[in-house]
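What follows is run-v2.txt (compact mmCIF, C-alpha atoms).
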```txt
# COMPACT_ATOMS: atom_id res chain seq x y z
CA MET A 1 34.36 24.19 -71.09
CA LEU A 2 35.28 24.65 -67.45
CA HIS A 3 33.15 22.51 -65.15
CA PRO A 4 30.92 24.75 -63.00
CA LEU A 5 32.09 23.06 -59.80
CA LYS A 6 35.76 23.53 -60.72
CA HIS A 7 35.09 27.15 -61.55
CA HIS A 8 33.28 27.51 -58.24
CA ILE A 9 36.06 25.94 -56.13
CA GLU A 10 38.74 27.94 -57.95
CA ARG A 11 37.13 31.18 -56.88
CA ILE A 12 38.59 30.25 -53.48
CA THR A 13 41.53 27.95 -54.18
CA PRO A 14 43.33 26.77 -57.35
CA ILE A 15 43.12 23.00 -58.02
CA SER A 16 44.75 20.85 -60.71
CA ASP A 17 42.68 18.89 -63.25
CA GLN A 18 43.76 15.71 -61.52
CA GLU A 19 42.62 16.99 -58.13
CA PHE A 20 39.33 18.04 -59.63
CA GLU A 21 38.75 14.60 -61.12
CA TYR A 22 39.33 13.12 -57.69
CA ILE A 23 36.99 15.65 -56.05
CA LEU A 24 34.26 15.17 -58.65
CA SER A 25 34.38 11.39 -58.18
CA HIS A 26 32.93 11.96 -54.69
CA PHE A 27 29.81 13.65 -56.10
CA THR A 28 26.77 12.01 -57.70
CA PRO A 29 24.90 13.92 -60.42
CA LYS A 30 21.12 13.90 -60.18
CA LYS A 31 18.27 15.49 -62.11
CA PHE A 32 14.99 16.65 -60.60
CA ARG A 33 11.81 17.89 -62.26
CA LYS A 34 10.01 21.06 -61.23
CA HIS A 35 8.02 20.38 -58.02
CA GLN A 36 10.18 17.39 -57.01
CA PHE A 37 11.78 17.35 -53.57
CA LEU A 38 15.52 17.19 -52.90
CA VAL A 39 14.87 17.08 -49.15
CA GLN A 40 11.57 16.22 -47.53
CA GLU A 41 10.56 17.03 -43.96
CA GLY A 42 10.76 13.96 -41.73
CA ASN A 43 13.17 12.08 -43.99
CA ALA A 44 16.90 11.43 -43.63
CA VAL A 45 19.21 13.94 -45.37
CA PRO A 46 22.13 11.97 -46.79
CA ASN A 47 23.30 14.66 -49.24
CA ASP A 48 24.26 18.29 -49.61
CA PHE A 49 23.52 19.73 -53.09
CA PHE A 50 25.53 21.90 -55.44
CA VAL A 51 23.15 23.36 -58.03
CA VAL A 52 24.48 22.99 -61.60
CA SER A 53 21.34 24.39 -63.22
CA GLY A 54 17.82 25.24 -62.14
CA LEU A 55 16.28 26.79 -59.08
CA VAL A 56 15.14 25.42 -55.71
CA LYS A 57 13.85 26.73 -52.42
CA ALA A 58 14.49 25.58 -48.87
CA SER A 59 11.56 26.24 -46.55
CA PHE A 60 9.94 25.46 -43.24
CA THR A 61 6.21 24.78 -43.00
CA ASN A 62 4.69 25.39 -39.58
CA ASP A 63 1.76 23.67 -37.89
CA GLU A 64 -0.69 26.10 -39.51
CA GLN A 65 0.73 25.12 -42.94
CA LYS A 66 2.36 28.52 -43.36
CA GLU A 67 5.57 28.25 -45.37
CA HIS A 68 8.64 30.31 -44.40
CA ILE A 69 11.32 30.40 -47.09
CA LEU A 70 14.80 30.20 -45.64
CA GLN A 71 16.75 30.17 -48.88
CA PHE A 72 16.59 30.07 -52.65
CA ALA A 73 19.40 28.40 -54.58
CA MET A 74 20.28 28.56 -58.24
CA GLU A 75 23.38 27.93 -60.36
CA ASP A 76 26.58 27.66 -58.24
CA TRP A 77 24.76 27.74 -54.90
CA TRP A 78 24.71 25.04 -52.27
CA VAL A 79 21.48 24.07 -50.57
CA CYS A 80 20.42 21.56 -47.95
CA ASP A 81 18.78 21.20 -44.57
CA TYR A 82 22.18 21.67 -42.92
CA GLN A 83 20.99 21.09 -39.39
CA ALA A 84 19.73 17.65 -40.46
CA TYR A 85 22.67 16.90 -42.77
CA PHE A 86 25.49 17.75 -40.36
CA ASN A 87 23.80 16.19 -37.34
CA GLN A 88 22.45 13.23 -39.32
CA VAL A 89 18.92 13.67 -38.06
CA ASN A 90 15.67 13.85 -40.00
CA ALA A 91 14.79 16.96 -41.98
CA THR A 92 12.67 19.75 -40.56
CA LEU A 93 12.89 21.64 -43.87
CA ASN A 94 11.73 20.92 -47.39
CA VAL A 95 13.91 21.61 -50.40
CA ASP A 96 11.95 21.51 -53.65
CA CYS A 97 12.40 22.55 -57.26
CA LEU A 98 10.92 25.72 -58.75
CA GLU A 99 12.42 24.72 -62.11
CA ASP A 100 13.85 21.51 -63.56
CA THR A 101 17.12 21.23 -61.67
CA GLU A 102 20.46 19.45 -62.02
CA VAL A 103 22.55 19.01 -58.91
CA LEU A 104 25.71 17.33 -57.71
CA CYS A 105 25.08 15.39 -54.49
CA LEU A 106 27.73 15.16 -51.77
CA SER A 107 27.19 12.75 -48.88
CA LEU A 108 28.50 13.70 -45.44
CA VAL A 109 30.90 10.74 -45.51
CA ASN A 110 32.33 11.85 -48.85
CA ARG A 111 32.52 15.47 -47.70
CA GLU A 112 34.51 14.51 -44.60
CA LYS A 113 36.70 12.14 -46.63
CA LEU A 114 37.48 14.84 -49.20
CA CYS A 115 38.25 17.35 -46.44
CA ALA A 116 40.56 14.89 -44.71
CA ASP A 117 42.32 13.86 -47.95
CA LEU A 118 42.74 17.31 -49.45
CA HIS A 119 43.64 20.17 -47.15
CA LYS A 120 42.66 22.68 -49.83
CA ILE A 121 39.12 21.30 -49.95
CA GLU A 122 38.84 21.70 -46.20
CA HIS A 123 40.03 25.26 -46.79
CA PHE A 124 37.43 25.74 -49.52
CA PHE A 125 34.56 24.56 -47.30
CA ARG A 126 35.77 26.62 -44.35
CA ARG A 127 35.78 29.78 -46.45
CA LYS A 128 32.37 28.95 -47.96
CA SER A 129 30.98 28.43 -44.48
CA ASN A 130 32.45 31.73 -43.27
CA PHE A 131 30.76 33.56 -46.15
CA GLY A 132 27.51 31.76 -45.42
CA TYR A 133 27.73 32.70 -41.75
CA ILE A 134 28.21 36.36 -42.61
CA ALA A 135 25.27 36.31 -45.04
CA LEU A 136 23.00 34.83 -42.36
CA GLN A 137 24.10 37.45 -39.80
CA GLN A 138 23.21 40.16 -42.31
CA ARG A 139 19.83 38.50 -42.88
CA ILE A 140 19.13 38.43 -39.12
CA LEU A 141 19.99 42.10 -38.79
CA SER A 142 17.81 42.83 -41.78
CA LEU A 143 14.88 40.93 -40.22
CA MET A 144 15.36 42.79 -36.94
CA ASN A 145 16.02 46.25 -38.27
CA ASN A 146 14.70 46.75 -41.80
CA ASP A 147 11.12 47.24 -42.91
CA ALA A 148 9.56 45.38 -45.83
CA LYS A 149 10.59 48.01 -48.37
CA GLU A 150 14.24 47.94 -47.31
CA ARG A 151 14.34 44.13 -47.35
CA TYR A 152 12.76 44.11 -50.81
CA GLN A 153 15.26 46.60 -52.19
CA GLN A 154 18.19 44.75 -50.62
CA LEU A 155 17.16 41.45 -52.20
CA LEU A 156 16.53 43.11 -55.57
CA LYS A 157 20.00 44.66 -55.48
CA GLN A 158 21.78 41.47 -54.37
CA HIS A 159 19.93 38.98 -56.58
CA PRO A 160 18.05 40.71 -59.41
CA SER A 161 17.71 37.44 -61.34
CA LEU A 162 15.55 35.94 -58.56
CA PHE A 163 12.84 38.44 -59.45
CA GLN A 164 12.73 37.11 -63.01
CA ARG A 165 12.57 33.48 -61.97
CA VAL A 166 10.69 33.28 -58.66
CA PRO A 167 6.91 33.82 -58.29
CA LYS A 168 6.04 36.92 -56.27
CA THR A 169 4.25 34.91 -53.58
CA LEU A 170 7.50 33.10 -52.80
CA ILE A 171 9.58 36.28 -52.75
CA ALA A 172 7.02 37.63 -50.26
CA SER A 173 7.42 34.52 -48.11
CA TYR A 174 11.22 34.87 -48.16
CA LEU A 175 10.97 38.53 -47.13
CA GLY A 176 8.38 37.78 -44.46
CA VAL A 177 5.79 40.14 -45.96
CA SER A 178 2.34 39.63 -47.45
CA ARG A 179 1.79 39.20 -51.19
CA GLU A 180 -0.13 42.49 -51.15
CA THR A 181 2.74 44.39 -49.52
CA LEU A 182 5.12 42.98 -52.11
CA SER A 183 2.87 44.04 -54.99
CA ARG A 184 2.74 47.52 -53.56
CA LEU A 185 6.53 47.61 -53.24
CA SER A 186 7.25 46.25 -56.70
CA ALA A 187 4.84 48.76 -58.26
CA GLN A 188 6.76 51.68 -56.76
CA MET B 1 44.61 22.55 -15.43
CA LEU B 2 43.60 22.14 -19.05
CA HIS B 3 43.71 25.43 -20.93
CA PRO B 4 40.15 26.48 -21.92
CA LEU B 5 41.16 26.93 -25.56
CA LYS B 6 42.76 23.47 -25.70
CA HIS B 7 39.68 21.96 -24.12
CA HIS B 8 37.55 23.85 -26.64
CA ILE B 9 39.54 22.71 -29.70
CA GLU B 10 39.67 19.12 -28.46
CA ARG B 11 35.90 18.93 -28.44
CA ILE B 12 36.36 18.76 -32.22
CA THR B 13 39.86 17.43 -32.82
CA PRO B 14 42.62 16.03 -30.56
CA ILE B 15 45.85 18.07 -30.48
CA SER B 16 49.18 17.41 -28.80
CA ASP B 17 50.61 19.73 -26.13
CA GLN B 18 53.25 20.80 -28.62
CA GLU B 19 50.65 21.64 -31.26
CA PHE B 20 48.67 23.57 -28.70
CA GLU B 21 51.72 25.62 -27.69
CA TYR B 22 52.20 26.49 -31.34
CA ILE B 23 48.51 27.39 -31.77
CA LEU B 24 48.42 29.47 -28.59
CA SER B 25 51.47 31.45 -29.71
CA HIS B 26 49.28 32.94 -32.47
CA PHE B 27 46.84 34.40 -29.95
CA THR B 28 47.26 37.52 -27.82
CA PRO B 29 45.59 37.64 -24.39
CA LYS B 30 43.78 40.83 -23.52
CA LYS B 31 41.67 42.07 -20.60
CA PHE B 32 38.74 44.42 -20.86
CA ARG B 33 36.71 46.14 -18.16
CA LYS B 34 32.92 46.14 -18.05
CA HIS B 35 31.60 48.69 -20.61
CA GLN B 36 34.80 48.63 -22.69
CA PHE B 37 34.57 47.90 -26.42
CA LEU B 38 36.26 44.97 -28.18
CA VAL B 39 34.94 46.20 -31.52
CA GLN B 40 33.62 49.66 -32.21
CA GLU B 41 31.42 50.69 -35.14
CA GLY B 42 33.41 52.48 -37.82
CA ASN B 43 36.78 51.11 -36.70
CA ALA B 44 38.96 48.41 -38.25
CA VAL B 45 38.47 44.87 -36.87
CA PRO B 46 41.89 43.25 -36.73
CA ASN B 47 40.92 40.44 -34.32
CA ASP B 48 38.45 37.66 -33.64
CA PHE B 49 37.94 36.94 -29.93
CA PHE B 50 37.77 33.73 -27.93
CA VAL B 51 36.21 34.52 -24.54
CA VAL B 52 38.19 33.00 -21.66
CA SER B 53 36.04 34.62 -18.96
CA GLY B 54 33.36 37.27 -18.80
CA LEU B 55 30.44 38.24 -20.96
CA VAL B 56 30.06 40.48 -24.03
CA LYS B 57 27.39 41.42 -26.51
CA ALA B 58 27.60 42.10 -30.24
CA SER B 59 25.00 44.56 -31.45
CA PHE B 60 23.90 46.87 -34.21
CA THR B 61 22.65 50.37 -33.46
CA ASN B 62 20.42 51.90 -36.13
CA ASP B 63 19.99 55.54 -37.13
CA GLU B 64 17.30 56.00 -34.49
CA GLN B 65 19.78 54.76 -31.85
CA LYS B 66 17.82 51.57 -31.35
CA GLU B 67 20.15 48.69 -30.46
CA HIS B 68 19.58 45.20 -31.91
CA ILE B 69 21.56 42.48 -30.17
CA LEU B 70 22.95 39.93 -32.59
CA GLN B 71 24.83 37.78 -30.12
CA PHE B 72 25.95 37.32 -26.54
CA ALA B 73 29.23 35.55 -25.85
CA MET B 74 30.59 34.11 -22.64
CA GLU B 75 33.21 31.53 -21.65
CA ASP B 76 34.28 29.35 -24.64
CA TRP B 77 32.39 31.38 -27.24
CA TRP B 78 33.83 33.30 -30.16
CA VAL B 79 32.64 36.77 -30.95
CA CYS B 80 33.46 39.42 -33.52
CA ASP B 81 31.99 41.53 -36.30
CA TYR B 82 32.69 38.73 -38.77
CA GLN B 83 31.60 40.61 -41.84
CA ALA B 84 34.17 43.31 -41.03
CA TYR B 85 36.86 40.87 -39.86
CA PHE B 86 36.76 38.47 -42.82
CA ASN B 87 36.37 41.20 -45.42
CA GLN B 88 38.78 43.57 -43.65
CA VAL B 89 36.38 46.47 -43.72
CA ASN B 90 35.30 48.78 -40.89
CA ALA B 91 32.88 47.52 -38.25
CA THR B 92 29.13 48.06 -38.49
CA LEU B 93 28.64 46.32 -35.14
CA ASN B 94 29.75 47.10 -31.61
CA VAL B 95 31.09 44.41 -29.30
CA ASP B 96 31.21 45.55 -25.69
CA CYS B 97 31.62 44.03 -22.25
CA LEU B 98 28.73 43.33 -19.87
CA GLU B 99 31.26 42.05 -17.32
CA ASP B 100 35.03 42.32 -16.91
CA THR B 101 36.23 40.05 -19.71
CA GLU B 102 39.37 38.16 -20.66
CA VAL B 103 39.80 37.16 -24.28
CA LEU B 104 42.33 35.62 -26.60
CA CYS B 105 42.69 37.70 -29.78
CA LEU B 106 43.34 36.08 -33.15
CA SER B 107 44.23 38.27 -36.11
CA LEU B 108 43.05 37.25 -39.58
CA VAL B 109 46.64 36.81 -40.72
CA ASN B 110 47.38 34.47 -37.82
CA ARG B 111 44.12 32.60 -38.34
CA GLU B 112 44.93 31.96 -42.00
CA LYS B 113 48.52 31.06 -41.14
CA LEU B 114 47.39 28.55 -38.51
CA CYS B 115 44.86 27.04 -40.90
CA ALA B 116 47.48 26.71 -43.63
CA ASP B 117 50.11 25.27 -41.28
CA LEU B 118 47.89 22.83 -39.41
CA HIS B 119 45.24 20.95 -41.36
CA LYS B 120 43.50 19.98 -38.13
CA ILE B 121 43.01 23.65 -37.21
CA GLU B 122 41.44 24.30 -40.59
CA HIS B 123 39.19 21.33 -39.79
CA PHE B 124 38.38 22.78 -36.37
CA PHE B 125 37.39 26.16 -37.80
CA ARG B 126 35.35 24.56 -40.60
CA ARG B 127 33.34 22.54 -38.09
CA LYS B 128 32.89 25.56 -35.81
CA SER B 129 31.65 27.58 -38.76
CA ASN B 130 29.23 24.81 -39.77
CA PHE B 131 27.76 24.77 -36.26
CA GLY B 132 27.52 28.54 -36.29
CA TYR B 133 25.76 28.48 -39.65
CA ILE B 134 23.19 26.01 -38.36
CA ALA B 135 22.57 28.07 -35.23
CA LEU B 136 21.95 31.19 -37.32
CA GLN B 137 19.54 29.32 -39.62
CA GLN B 138 17.60 28.22 -36.54
CA ARG B 139 17.56 31.80 -35.28
CA ILE B 140 16.19 33.07 -38.62
CA LEU B 141 13.44 30.46 -38.57
CA SER B 142 12.68 31.39 -35.00
CA LEU B 143 12.44 35.10 -35.90
CA MET B 144 10.14 34.26 -38.84
CA ASN B 145 7.97 31.67 -37.20
CA ASN B 146 7.97 31.91 -33.40
CA ASP B 147 6.23 34.45 -31.23
CA ALA B 148 7.92 36.24 -28.33
CA LYS B 149 6.94 33.57 -25.82
CA GLU B 150 8.39 30.73 -27.90
CA ARG B 151 11.62 32.66 -28.53
CA TYR B 152 11.92 33.41 -24.82
CA GLN B 153 11.43 29.78 -23.83
CA GLN B 154 13.88 28.58 -26.48
CA LEU B 155 16.62 30.92 -25.23
CA LEU B 156 15.92 29.99 -21.61
CA LYS B 157 16.24 26.31 -22.46
CA GLN B 158 19.40 26.70 -24.55
CA HIS B 159 21.26 29.19 -22.38
CA PRO B 160 19.78 29.35 -18.86
CA SER B 161 22.91 31.05 -17.49
CA LEU B 162 22.33 34.09 -19.71
CA PHE B 163 19.24 34.89 -17.65
CA GLN B 164 21.34 35.07 -14.50
CA ARG B 165 23.98 37.31 -16.03
CA VAL B 166 22.30 39.55 -18.61
CA PRO B 167 19.97 42.47 -17.77
CA LYS B 168 16.38 41.88 -18.89
CA THR B 169 16.41 44.89 -21.23
CA LEU B 170 19.21 43.27 -23.23
CA ILE B 171 17.53 39.87 -23.35
CA ALA B 172 14.48 41.69 -24.71
CA SER B 173 16.61 43.37 -27.38
CA TYR B 174 18.11 40.01 -28.40
CA LEU B 175 14.66 38.45 -28.68
CA GLY B 176 13.27 41.46 -30.54
CA VAL B 177 10.55 42.11 -27.97
CA SER B 178 9.79 45.01 -25.64
CA ARG B 179 10.99 45.06 -22.03
CA GLU B 180 7.32 44.93 -20.94
CA THR B 181 6.62 41.82 -23.02
CA LEU B 182 9.67 40.15 -21.52
CA SER B 183 8.58 40.98 -17.96
CA ARG B 184 5.18 39.49 -18.70
CA LEU B 185 6.80 36.33 -20.08
CA SER B 186 9.29 35.86 -17.28
CA ALA B 187 6.53 36.28 -14.68
CA GLN B 188 4.55 33.40 -16.15
```
Output the structure of this file as structure tokens.
Amino acid sequence: MLHPLKHHIERITPISDQEFEYILSHFTPKKFRKHQFLVQEGNAVPNDFFVVSGLVKASFTNDEQKEHILQFAMEDWWVCDYQAYFNQVNATLNVDCLEDTEVLCLSLVNREKLCADLHKIEHFFRRKSNFGYIALQQRILSLMNNDAKERYQQLLKQHPSLFQRVPKTLIASYLGVSRETLSRLSAQ
Amino acid sequence: MLHPLKHHIERITPISDQEFEYILSHFTPKKFRKHQFLVQEGNAVPNDFFVVSGLVKASFTNDEQKEHILQFAMEDWWVCDYQAYFNQVNATLNVDCLEDTEVLCLSLVNREKLCADLHKIEHFFRRKSNFGYIALQQRILSLMNNDAKERYQQLLKQHPSLFQRVPKTLIASYLGVSRETLSRLSAQ
């Protein structure tokens, strides 16, 4: 069976089995239980995470203990506190598991080494980052321009499986609406 | 005098004069007058833009003709409708000049050619995209969590020169607040 990471990389650039072995040797597999933290606010963030199976959320909790969800991540998605990871400062976000989760961890040193050694991996990460940038721009426009109903419908269209796997309260937090508003929308 | 683009690239990776000549040959210089459009909604987006001098804004105008400003760009910044540029679809954003502006245009074909030819340029663009991704994540958190006053103070701290060069109405649109709210904040 094709390794999910190989499959994922090859959606952008073909790699040989030998290259993939070399790439994979820079990752560390790790298993987390539901409710465990991959990244915890205030701690160092040595690794970026490629999700092999499971579901996590990345969120910011403000001084009033209100949680804002920045991102969900499931199979084939990457998740981290990127500001902390790339700048090697302590986390301001939490990343925790909504399901038992298996990830592949990539340290910043290994990421930079891989990118320097293999031009096509640098290419892969550039393209991934471009896609991510575009997705965030769309999210900003959506936050500025769309009402709760439009944001709900957009998310449902883009990621229907999230609605099967994520509690409604958390979907509401991601959309920046109240649990009551979400119930009203999902009943329509 | 050091070319602004060379200076800009060398903040991430050193390049020789010869390499820079080669890189620069993939860009086309262009001048725009205040109020002219670099990108216009509904049109193709062949180029990304590196701003050599001047000031532009990238914005989305909704069906009610309300304008949401996604980004300002001045000297040393890149600006485009990236969703349209990278996916080669028509623009949903406008990019227009708030001052007379000189840019260097980079087509997608030339960008990909440069990245394929010169590993260090692929590295440069990957790092730039990573920084951009982080900045957008911070902006999303700010939109979700901060009130108008906090967003105003954050922008003032990060980019004080914008307040000298950009009309207040446009700053208000970027922050997602009314012109009146902004006047109240800036008077404090």
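Distances from B:Asn47, B:Asn90, B:Thr101, B:Ser173 to chain A were compared using only C-alpha atoms, and the smallest one belongs to B:Ser173.
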Margin query: Would you compute the distance between atom CA of Leu108 of chain B and atom CA of Phe20 of chain A? Give it in Å to one decimal.
Written below: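 Straight-line distance from atom CA of Leu108 of chain B to atom CA of Phe20 of chain A works out to 28.0 Å.
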Notebook entry, point to check: Separation of atom CA of Gln36 of chain B and atom CA of Leu70 of chain B, in Å?
Noted result: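 Computing the Euclidean distance for atom CA of Gln36 of chain B and atom CA of Leu70 of chain B yields 17.7 Å.
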Next item on the list: Tell me which of B:Arg126, B:Lys31, B:Lys157, B:Arg139 sits closest to chain A, counting only C-alpha atoms.
Entry: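 Of B:Arg126, B:Lys31, B:Lys157, B:Arg139, the one nearest chain A is B:Arg126, counting only C-alpha atoms.
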Margin query: What does the structure give for the distance between atom CA of Ser178 of chain B and atom CA of Leu136 of chain A, in Å to one decimal?
Written below: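 Spanning atom CA of Ser178 of chain B to atom CA of Leu136 of chain A is a straight-line distance of 23.6 Å.
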